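The block underneath contains the structure these notes are about, expressed in structure tokens.
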Amino acid sequence: MVPRRRQQTNIRIDDSVMVVCPTTKSISTRKLAKYFATDVVERLESLQPSELRKVVVDLSGVQWISSAGLNELIHLQTLTRSSGAELHLSGLCETVRDVFRITRLERFFDVELSEWDASTLPERELGPSLS
């Protein structure tokens with residue numbers, strides 16, 4: 001019998017929205033990234049396409065992400081879209097946000113901004129004022 005690896009990801013489904021929370025502070029190795037992606041893919045495959053409209057990856061507990069982690073997120077984005085759902089990222093700390101900015105992946109992913117994130121953007125990026 002093969003020993004089961006430790007669960008790396010908390011996953012819950014709330015009203016057709018899958019919320020994914022990695023339990024590691026760093027997705028910095030190919031092994032950790034693969035564990036994370038495998039957990040999500042297994043859960044995605046267990047659902048009917050009509051059961052899911054959105055996947056939110058909550059990265060608030062993640063302090064660092066490597067290219068291996070980015071690669072797995074790109075893979076998850078592709079799988080999610082092919083199943084007819086949307087993938088959103090939330091809770092990015094400053095370091096992780098910087099990785100997405102430097103790689104320009106913030107344009108590829110739908111990154112949900114917190115109130116703090118929105119308050120740090122220049123006004124032109126927030127859009128016109130309604131006052």
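We name chains A, B, ... following the order of the structure tokens; residues begin at 1 in each chain, and ligands are numbered from 1 as shown.
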| query | DSSP says strand (DSSP E or B) for which residues of range 21-119 of chain A? Put them as an NGL selection string? | reply | :A and (21-22 or 26-27 or 54-58 or 64-65 or 86-90 or 110-111)
| said: Show me, as a PyMOL selection string, the residues that have an atom within 10 Å of Leu70 in chain A when counting only C-alpha atoms, minus same-chain residues fewer than 3 positions from it. | reply: chain A and resi 27-28+33+65-67+73-76+99-100+103+105
| message | Residues within 12 Å of Glu106 in chain A, please, as a ChimeraX atom specification. Count only C-alpha atoms; anything in the same chain fewer than 3 positions from it doesn't count. | response | /A:70,73-74,88-90,92,96-103,109-113
Go ahead and write the selection's residues with C-alpha atoms as a short mmCIF file (atom, residue, chain, number, x, y, z; two decimals), in the first residue's frame.
```cif
data_model
loop_
_atom_site.label_atom_id
_atom_site.label_comp_id
_atom_site.auth_asym_id
_atom_site.auth_seq_id
_atom_site.Cartn_x
_atom_site.Cartn_y
_atom_site.Cartn_z
CA LEU A 70 2.62 29.91 -11.77
CA LEU A 73 -2.08 28.07 -12.01
CA ILE A 74 -1.96 28.58 -15.78
CA HIS A 88 -10.29 34.04 -9.90
CA LEU A 89 -7.31 34.69 -7.64
CA SER A 90 -7.70 36.48 -4.33
CA LEU A 92 -2.35 37.99 -2.97
CA VAL A 96 3.05 37.36 -4.74
CA ARG A 97 1.39 40.36 -6.45
CA ASP A 98 4.85 41.53 -7.51
CA VAL A 99 5.54 38.12 -9.09
CA PHE A 100 2.30 38.41 -11.08
CA ARG A 101 3.16 41.99 -12.12
CA ILE A 102 6.72 41.15 -13.16
CA THR A 103 5.58 38.18 -15.23
CA PHE A 109 -5.79 35.98 -14.45
CA ASP A 110 -8.77 37.66 -12.88
CA VAL A 111 -7.21 38.97 -9.67
CA GLU A 112 -9.83 40.08 -7.18
CA LEU A 113 -8.74 43.22 -5.40
#
```
| In chain A, DSSP helix (DSSP H, G or I) residues written as number ranges by chain | A: 30-45, 49-51, 67-82, 94-102, 105-107, 115-120, 123-126
| query | Which one of A:Val55, A:Gly91, A:Gln63, A:Thr23 sits closest to Val41 in chain A if you count only C-alpha atoms? | reply |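 Checking each of A:Val55, A:Gly91, A:Gln63, A:Thr23 against Val41 in chain A, counting only C-alpha atoms, the winner is A:Val55.
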| request: Could you give me, as a list in words, the residues within 9 Å of Ile11 in chain A, counting only C-alpha atoms and dropping anything in the same chain fewer than 5 positions from it? | output: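 So, after excluding close chain neighbours, the residues are Met18, Val19, Val20, Cys21, Pro22, Asp39, Val40 and Arg43 of chain A.
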Could you write those residues out with N, CA and C atoms, as a CSV table (one decimal), in the first residue's frame?
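selection_32.csv, freshly written:
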```csv
chain,number,residue,atom,x,y,z
A,18,MET,N,-16.2,27.0,-6.2
A,18,MET,CA,-15.2,26.2,-5.5
A,18,MET,C,-14.2,27.2,-4.9
A,19,VAL,N,-13.9,27.1,-3.6
A,19,VAL,CA,-12.9,28.0,-3.0
A,19,VAL,C,-11.7,27.1,-2.6
A,20,VAL,N,-10.6,27.4,-3.1
A,20,VAL,CA,-9.4,26.6,-3.0
A,20,VAL,C,-8.4,27.4,-2.2
A,21,CYS,N,-7.9,26.8,-1.1
A,21,CYS,CA,-6.9,27.5,-0.2
A,21,CYS,C,-5.7,26.6,0.0
A,22,PRO,N,-4.6,26.9,-0.6
A,22,PRO,CA,-3.4,26.1,-0.3
A,22,PRO,C,-3.0,26.3,1.2
A,39,ASP,N,-4.7,18.2,-6.3
A,39,ASP,CA,-5.8,18.3,-5.4
A,39,ASP,C,-7.0,19.0,-6.1
A,40,VAL,N,-6.7,20.1,-6.8
A,40,VAL,CA,-7.8,20.9,-7.4
A,40,VAL,C,-8.3,20.1,-8.6
A,43,ARG,N,-10.7,17.3,-7.6
A,43,ARG,CA,-12.0,17.9,-7.2
A,43,ARG,C,-12.8,18.4,-8.4
```
Skipping near chain neighbours, those fewer than 5 positions away, what residues fall within 7 Å of Lys54 in chain A using only C-alpha atoms, listed as a PDB file with all heavy atoms, in the first residue's frame?
```pdb
ATOM      1  N   SER A  16     -22.063  26.566  -6.007  1.00  0.00           N
ATOM      2  CA  SER A  16     -21.421  26.474  -7.334  1.00  0.00           C
ATOM      3  C   SER A  16     -20.123  27.264  -7.465  1.00  0.00           C
ATOM      4  O   SER A  16     -19.642  27.511  -8.553  1.00  0.00           O
ATOM      5  CB  SER A  16     -22.391  26.842  -8.459  1.00  0.00           C
ATOM      6  OG  SER A  16     -22.616  28.224  -8.523  1.00  0.00           O
ATOM      7  N   VAL A  17     -19.550  27.659  -6.321  1.00  0.00           N
ATOM      8  CA  VAL A  17     -18.248  28.324  -6.305  1.00  0.00           C
ATOM      9  C   VAL A  17     -17.286  27.453  -5.510  1.00  0.00           C
ATOM     10  O   VAL A  17     -17.524  27.170  -4.333  1.00  0.00           O
ATOM     11  CB  VAL A  17     -18.318  29.735  -5.669  1.00  0.00           C
ATOM     12  CG1 VAL A  17     -16.936  30.362  -5.578  1.00  0.00           C
ATOM     13  CG2 VAL A  17     -19.271  30.624  -6.448  1.00  0.00           C
ATOM     14  N   MET A  18     -16.213  27.011  -6.169  1.00  0.00           N
ATOM     15  CA  MET A  18     -15.190  26.235  -5.483  1.00  0.00           C
ATOM     16  C   MET A  18     -14.161  27.211  -4.927  1.00  0.00           C
ATOM     17  O   MET A  18     -13.612  28.030  -5.658  1.00  0.00           O
ATOM     18  CB  MET A  18     -14.504  25.261  -6.436  1.00  0.00           C
ATOM     19  CG  MET A  18     -13.399  24.448  -5.764  1.00  0.00           C
ATOM     20  SD  MET A  18     -12.428  23.445  -6.917  1.00  0.00           S
ATOM     21  CE  MET A  18     -13.627  22.267  -7.440  1.00  0.00           C
ATOM     22  N   ALA A  85     -16.252  27.252 -16.457  1.00  0.00           N
ATOM     23  CA  ALA A  85     -16.225  28.066 -15.245  1.00  0.00           C
ATOM     24  C   ALA A  85     -15.157  29.152 -15.373  1.00  0.00           C
ATOM     25  O   ALA A  85     -14.383  29.177 -16.325  1.00  0.00           O
ATOM     26  CB  ALA A  85     -15.941  27.181 -14.031  1.00  0.00           C
ATOM     27  N   GLU A  86     -15.125  30.041 -14.403  1.00  0.00           N
ATOM     28  CA  GLU A  86     -14.129  31.112 -14.356  1.00  0.00           C
ATOM     29  C   GLU A  86     -13.189  30.852 -13.193  1.00  0.00           C
ATOM     30  O   GLU A  86     -13.607  30.341 -12.163  1.00  0.00           O
ATOM     31  CB  GLU A  86     -14.805  32.459 -14.123  1.00  0.00           C
ATOM     32  CG  GLU A  86     -15.824  32.853 -15.149  1.00  0.00           C
ATOM     33  CD  GLU A  86     -16.586  34.107 -14.750  1.00  0.00           C
ATOM     34  OE1 GLU A  86     -16.314  34.674 -13.667  1.00  0.00           O
ATOM     35  OE2 GLU A  86     -17.460  34.510 -15.514  1.00  0.00           O
ATOM     36  N   LEU A  87     -11.926  31.242 -13.347  1.00  0.00           N
ATOM     37  CA  LEU A  87     -10.957  31.130 -12.258  1.00  0.00           C
ATOM     38  C   LEU A  87     -10.584  32.531 -11.803  1.00  0.00           C
ATOM     39  O   LEU A  87     -10.285  33.398 -12.628  1.00  0.00           O
ATOM     40  CB  LEU A  87      -9.699  30.394 -12.720  1.00  0.00           C
ATOM     41  CG  LEU A  87      -8.683  30.205 -11.596  1.00  0.00           C
ATOM     42  CD1 LEU A  87      -8.701  28.762 -11.126  1.00  0.00           C
ATOM     43  CD2 LEU A  87      -7.297  30.569 -12.045  1.00  0.00           C
TER      44      LEU A  87
END
```
